[in-house]
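Visitor: Below is one structure. I have some questions about it.
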2 protein chains.
Amino acid sequence: MELLLQVLLTMTVIFVMARIGSMVFGKLGLPGLIGEILIGVLIANIAGGDFMHDFLGIAFDGEYKSDTYIVIYTLAELGVIFLLFSVGLETKVKDLIGSGKAAFLCALLGVILPFIAGLAVVLAIGGYDLNAAMFMGAAMVATSVGITARIIKDMRLMDVKESRIIIAAAVIDDVLGMIVLAIVKGMALNEGGLDIIDLVIVIVKSVAFVLIAIAIAKYAVPRIYDYMDKRKRATIAAGKVPYTYNKLIFAIIVCLAMACLAEFIGLAAIIGAFLAGMMFADYAWEWELESRVEAITSFMISFFFVNVGLMVDISSLSDIGVIGIIVVVILLAMLTKYIGCGLGAKLGDRSIDKSSFSIIGVGMMPRGEVGIIIASIGLGAGVMSGDLYTIVVMMSVMTTIIAPPILSALFKKKYKVEYMIVPEDSL
Amino acid sequence: MELLLQVLLTMTVIFVMARIGSMVFGKLGLPGLIGEILIGVLIANIAGGDFMHDFLGIAFDGEYKSDTYIVIYTLAELGVIFLLFSVGLETKVKDLIGSGKAAFLCALLGVILPFIAGLAVVLAIGGYDLNAAMFMGAAMVATSVGITARIIKDMRLMDVKESRIIIAAAVIDDVLGMIVLAIVKGMALNEGGLDIIDLVIVIVKSVAFVLIAIAIAKYAVPRIYDYMDKRKRATIAAGKVPYTYNKLIFAIIVCLAMACLAEFIGLAAIIGAFLAGMMFADYAWEWELESRVEAITSFMISFFFVNVGLMVDISSLSDIGVIGIIVVVILLAMLTKYIGCGLGAKLGDRSIDKSSFSIIGVGMMPRGEVGIIIASIGLGAGVMSGDLYTIVVMMSVMTTIIAPPILSALFKKKYKVEYMIVPEDSL
């Protein structure tokens with residue numbers, strides 16, 4: 001089949017199925033994205049390989065990925081990039097800095113505990129070396145904030161304390177995760193052990209990227225805006241018609257460039273997109289950026305959630321021993337983030353009560369694809385084995401599936417938000 | 001380089017360059033899209049293969065296309081699909097039917113004259129058989145309305161008579177082009193000559209698709225909307241909270257499905273998208289569809305224009321004899337559409353004056369990629385030779401580049417529209 005026709009067919013079918021999944025869960029008062037993820041699981045496992053290969057054309061297995069799957073995958077990634085961009089549009093720099101201490105400790109403990117847990121589990125199982133155990137620890141570390149961000153946006157709770165801490169902590173978490181990966185990679189892959197200079201470079205690069213982006217948002221952007229405004233007034237005063245720029249396109253370019261830069265440095269693309277959004281936060285309303293970015297997001301984000309589901313290979317759950325290990329790893333992954341992040345936030349901000357503790361702990365649980373990427377680096381380098389990789393994939397996917405309904409229930413209880421009223425119109 | 005990083009890098013670079021091209025031409029008072037197309041030519045020819053291969057990662061030659069190019073190509077096609085969808089959103093069924101007679105004759109003569117010209121040119125050159133000549137004729141036929149639609153939208157002239165005739169004629173043109181292709185393919189590829197039954201099926205399918213879509217827009221959509229509205233009122237009257245659907249996502253799904261269906265039948269995807277847009281025309285404003293669809297379009301449409309430019313291989317213009325033939329073909333392609341479409345419209349609507357004649361004639365000139373697709377079918381079937389294919393590509397690209405500045409000048413003269421004031425904010 002011709003590529004364009006195949007892509008259009010695949011997009012239409014996935015989109016319609018995702019909507020049905022989202023509507024069913026929405027009517028039950030649950031986050032619609034869970035329905036979308038389960039549709040992905042359904043397509044990958046129940047509908048079977050023939051449906052995916054012949055009809056949807058999204059064949060993928062390890063190395064080989066079909067052209068159509070590449071397109072869907074890219075749309076999915078762009079969707080979550082724009083989602084985090086729009087979260088950034090609603091995050092003012094002072095809010096981010098304001099929750100700095102709580103967010104930092106939240107991220108720090110939320111990195112240390114899962115790392116130790118991952119390391120310990122692999123050593124406890126036995127039969128693996130220290131390098132494999134360390135890669136497992138690194139894969140347990142990274143929070144993927146996309147799913148949580150969607151729930152926060154859906155419930156219109158961007159402005160509450162817990163949301164701010166979660167978002168800020170996710171940024172710091174990604175930087176810390178980057179550093180952990182650098183250490184683990186350095187120790188496992190370099191013959192001569194950890195190269196301190198390499199490690200320092202990674203730390204400086206990723207910390208500098210985040211700090212410079214925040215500084216630009218805080219100091220440079222208002223000045224640029226004032227200058228543009230002054231020039232425009234001068235042109236009008238001189239009796240000329242000012243040249244009007246399309247702010248949306250300008251904002252999109254900055255978003256793409258920052259996402260690209262973040263990836264290049266080794267951070268997640270979504271962190272760059274979030275920081276880019278923050279640069280426009282003061283003008284998002286005036287420039288009508290929010291509604292327009294959300295329109296772009298809503299075109300692509302369903303592919304992201306469905307794609308999360310596509311990763312789940314139910315058949316790998318046939319060995320009872322493996323299931324046991326997977327269950328233990330998933331429980332540890334959830335528990336260590338819950339305690340680490342909740343406790344960290346509480347240490348940084350004494351006003352955090354029990355309900356806030358839980359919201360932050362659960363909100364930081366989803367691992368998304370970052371853990372999978374780290375595990376695939378370990379797999380590619382021959383440090384991790386195939387079964388450890390499968391365990392990481394299941395852990396990433398299951399934390400991503402389990403956390404959202406708990407999180408939305410906690411939010412609903414605390415803020416009396418009726419999630420179910422406008423689930424479809426909320427994005 | 002990892003795929004996501006490469007795609008983000010390529011998108012950012014192309015986007016920034018396209019914007020620069022667009023701004024330069026916008027400041028000169030010319031359509032910005034010409035700047036974007038020329039940026040594509042620049043990337044493909046001046047910047048050279050290394051830049052495209054190593055940095056942009058968009059290597060493509062005949063069979064092989066890189067993963068990154070596949071993504072950019074798909075975004076480009078989705079961009080023009082959404083562009084035509086938003087044109088449809090501004091086109092009411094009664095306007096389309098109102099310009100029916102003029103549009104039909106415009107399309108009919110605009111198909112017959114270019115077909116004869118293409119046939120005659122190849123026979124005049126000599127050395128080719130009748131089948132090759134007929135494929136050339138078919139490749140000369142198809143108007144690609146994407147570029148013209150963008151200019152009409154940019155100048156906010158959707159409601160003038162010429163625009164309506166052009167848009168309606170483009171739909172009919174596509175159906176007629178489909179029928180011509182079916183005849184030519186039947187005669188050239190079937191051993192036993194033209195299969196009348198196949199031909200009838202093609203005609204019935206494509207005419208039925210367009211008529212059914214128009215009928216749905218005219219009769220079914222208002223009834224569905226009334227029913228939904230009534231149910232919603234009843235729910236509210238019963239004291240319950242009605243479930244709110246996201247209209248944008250619903251509209252996007254219909255757009256994708258119709259584009260898919262059109263491609264499946266053999267029509268262009270953009271025709272399906274246009275007809276889908278028309279179904280929502282009465283509610284586009286109430287549902288805030290226009291601004292949101294335009295946001296999605298503006299994210300992707302630059303890739304379409306740049307991609308048009310990427311197709312131009314300047315090095316093929318080294319042979320003076322080939323250049324001569326290409327120039328003749330381009331002139332004939334422009335002249336036959338100009339006379340055919342202008343005359344057809346005038347025969348159908350006596351009120352068409354000289355300036356309207358020119359606007360319609362020029363507006364129908366761009367061939368876009370449809371001609372190239374037809375030529376590649378001929379090439380793939382061994383009916384057309386490589387040099388005829390190159391001629392078709394050059395003809396398609398050059399008519400697409402030459403027509404817009406003339407069209408915008410003609411519109412500017414007639415309607416005193418100042419194109420240059422808001423070129424960047426117009427989409």
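Ordering of the structure tokens sets the chain letters (A, B, ...); residue numbers start at 1 within each chain; ligands are numbered from 1 in the order shown.
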Skipping near chain neighbours, those fewer than 3 positions away, what residues fall within 9 Å of Lys414 of chain B using only C-alpha atoms, listed as an NGL selection string?
Guide: :B and (355-356 or 409-411 or 417)
Visitor: Looking at A:Cys260, A:Ile330, A:Ile165, A:Met384, which one is nearest to chain B, with distances taken over only C-alpha atoms?
Guide: A:Cys260
Visitor: Which of these, A:Leu30, A:Leu8, A:Ile265, A:Val175, has the shortest distance to Glu77 of chain B once you count only C-alpha atoms?
Guide: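 Between A:Leu30, A:Leu8, A:Ile265, A:Val175, the residue approaching Glu77 of chain B most closely is A:Leu8.
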Visitor: If we count only C-alpha atoms, what is near Thr12 of chain B at a cut-off of 6 Å, once residues fewer than 2 positions away on the same chain are taken out, given as a list in words?
Guide: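 Counting only the stated atoms, we get Leu256 and Ala257 of chain A; Leu9, Thr10, Ile14 and Phe15 of chain B.
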Visitor: Could you dump the residues just selected with all heavy atoms as a PDB file, in the first residue's frame?
Guide:
```pdb
ATOM      1  N   LEU A 256      10.782  23.412  19.440  1.00  0.00           N
ATOM      2  CA  LEU A 256      11.507  22.357  18.729  1.00  0.00           C
ATOM      3  C   LEU A 256      13.011  22.464  18.975  1.00  0.00           C
ATOM      4  O   LEU A 256      13.691  21.452  19.216  1.00  0.00           O
ATOM      5  CB  LEU A 256      11.223  22.434  17.225  1.00  0.00           C
ATOM      6  CG  LEU A 256       9.807  22.075  16.771  1.00  0.00           C
ATOM      7  CD1 LEU A 256       9.656  22.309  15.277  1.00  0.00           C
ATOM      8  CD2 LEU A 256       9.496  20.617  17.099  1.00  0.00           C
ATOM      9  N   ALA A 257      13.523  23.690  18.926  1.00  0.00           N
ATOM     10  CA  ALA A 257      14.964  23.886  19.105  1.00  0.00           C
ATOM     11  C   ALA A 257      15.393  23.463  20.508  1.00  0.00           C
ATOM     12  O   ALA A 257      16.430  22.801  20.679  1.00  0.00           O
ATOM     13  CB  ALA A 257      15.331  25.343  18.841  1.00  0.00           C
TER      14      ALA A 257
ATOM     15  N   LEU B   9      16.099  17.924  14.955  1.00  0.00           N
ATOM     16  CA  LEU B   9      17.100  18.805  14.351  1.00  0.00           C
ATOM     17  C   LEU B   9      16.657  19.230  12.951  1.00  0.00           C
ATOM     18  O   LEU B   9      16.661  20.418  12.610  1.00  0.00           O
ATOM     19  CB  LEU B   9      18.455  18.077  14.289  1.00  0.00           C
ATOM     20  CG  LEU B   9      19.595  18.833  13.605  1.00  0.00           C
ATOM     21  CD1 LEU B   9      19.969  20.067  14.409  1.00  0.00           C
ATOM     22  CD2 LEU B   9      20.832  17.944  13.440  1.00  0.00           C
ATOM     23  N   THR B  10      16.244  18.239  12.140  1.00  0.00           N
ATOM     24  CA  THR B  10      15.831  18.524  10.770  1.00  0.00           C
ATOM     25  C   THR B  10      14.632  19.473  10.751  1.00  0.00           C
ATOM     26  O   THR B  10      14.600  20.444   9.985  1.00  0.00           O
ATOM     27  CB  THR B  10      15.464  17.206  10.057  1.00  0.00           C
ATOM     28  OG1 THR B  10      16.553  16.302  10.208  1.00  0.00           O
ATOM     29  CG2 THR B  10      15.183  17.439   8.588  1.00  0.00           C
ATOM     30  N   ILE B  14      14.810  23.187   9.069  1.00  0.00           N
ATOM     31  CA  ILE B  14      13.932  23.482   7.936  1.00  0.00           C
ATOM     32  C   ILE B  14      12.947  24.593   8.302  1.00  0.00           C
ATOM     33  O   ILE B  14      12.692  25.519   7.529  1.00  0.00           O
ATOM     34  CB  ILE B  14      13.172  22.218   7.493  1.00  0.00           C
ATOM     35  CG1 ILE B  14      14.136  21.221   6.842  1.00  0.00           C
ATOM     36  CG2 ILE B  14      12.048  22.569   6.518  1.00  0.00           C
ATOM     37  CD1 ILE B  14      13.474  19.976   6.310  1.00  0.00           C
ATOM     38  N   PHE B  15      12.401  24.498   9.513  1.00  0.00           N
ATOM     39  CA  PHE B  15      11.414  25.477   9.970  1.00  0.00           C
ATOM     40  C   PHE B  15      12.018  26.887  10.003  1.00  0.00           C
ATOM     41  O   PHE B  15      11.427  27.857   9.494  1.00  0.00           O
ATOM     42  CB  PHE B  15      10.916  25.100  11.366  1.00  0.00           C
ATOM     43  CG  PHE B  15       9.446  25.258  11.568  1.00  0.00           C
ATOM     44  CD1 PHE B  15       8.735  24.338  12.312  1.00  0.00           C
ATOM     45  CD2 PHE B  15       8.758  26.327  11.026  1.00  0.00           C
ATOM     46  CE1 PHE B  15       7.372  24.466  12.511  1.00  0.00           C
ATOM     47  CE2 PHE B  15       7.393  26.478  11.216  1.00  0.00           C
ATOM     48  CZ  PHE B  15       6.701  25.539  11.961  1.00  0.00           C
TER      49      PHE B  15
END
```
Visitor: Can you list, as a ChimeraX atom specification, every residue of segment 186-314 of chain A that DSSP puts in alpha helix (DSSP H)?
Guide: /A:186-189,196-215,221-237,247-265,269-279,289-310
Visitor: I'd like to know which of B:Asp319, B:Met178, B:Gly118, B:Val141 is closest to Val204 of chain B, using only C-alpha atoms.
Guide: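 Once distances to Val204 of chain B are computed over only C-alpha atoms, the minimum belongs to B:Met178.
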Visitor: For a quick check of understanding, using only C-alpha atoms, which of A:Ala149, A:Met334, A:Leu123, A:Met187 has the smallest distance to Ile402 of chain A?
Guide: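 Under the stated criterion, the closest residue is A:Met334.
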Visitor: With a distance cut-off of 10 Å and only C-alpha atoms, select the neighbouring residues of segment 81-95 of chain B, excluding the residue or stretch itself and same-chain residues fewer than 6 positions from it, and output the selection as a count of residues only.
Guide: 55
Visitor: Looking at only C-alpha atoms, which of A:Thr74, A:Asn307, A:Asn45, A:Ser99 is the one that sits closest to chain B?
Guide: A:Thr74
Visitor: With distances taken over only C-alpha atoms, which residue among B:Phe135, B:Trp287, B:Phe115, B:Tyr227 lies nearest chain A?
Guide: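 Selected residue with least distance to chain A: B:Trp287.
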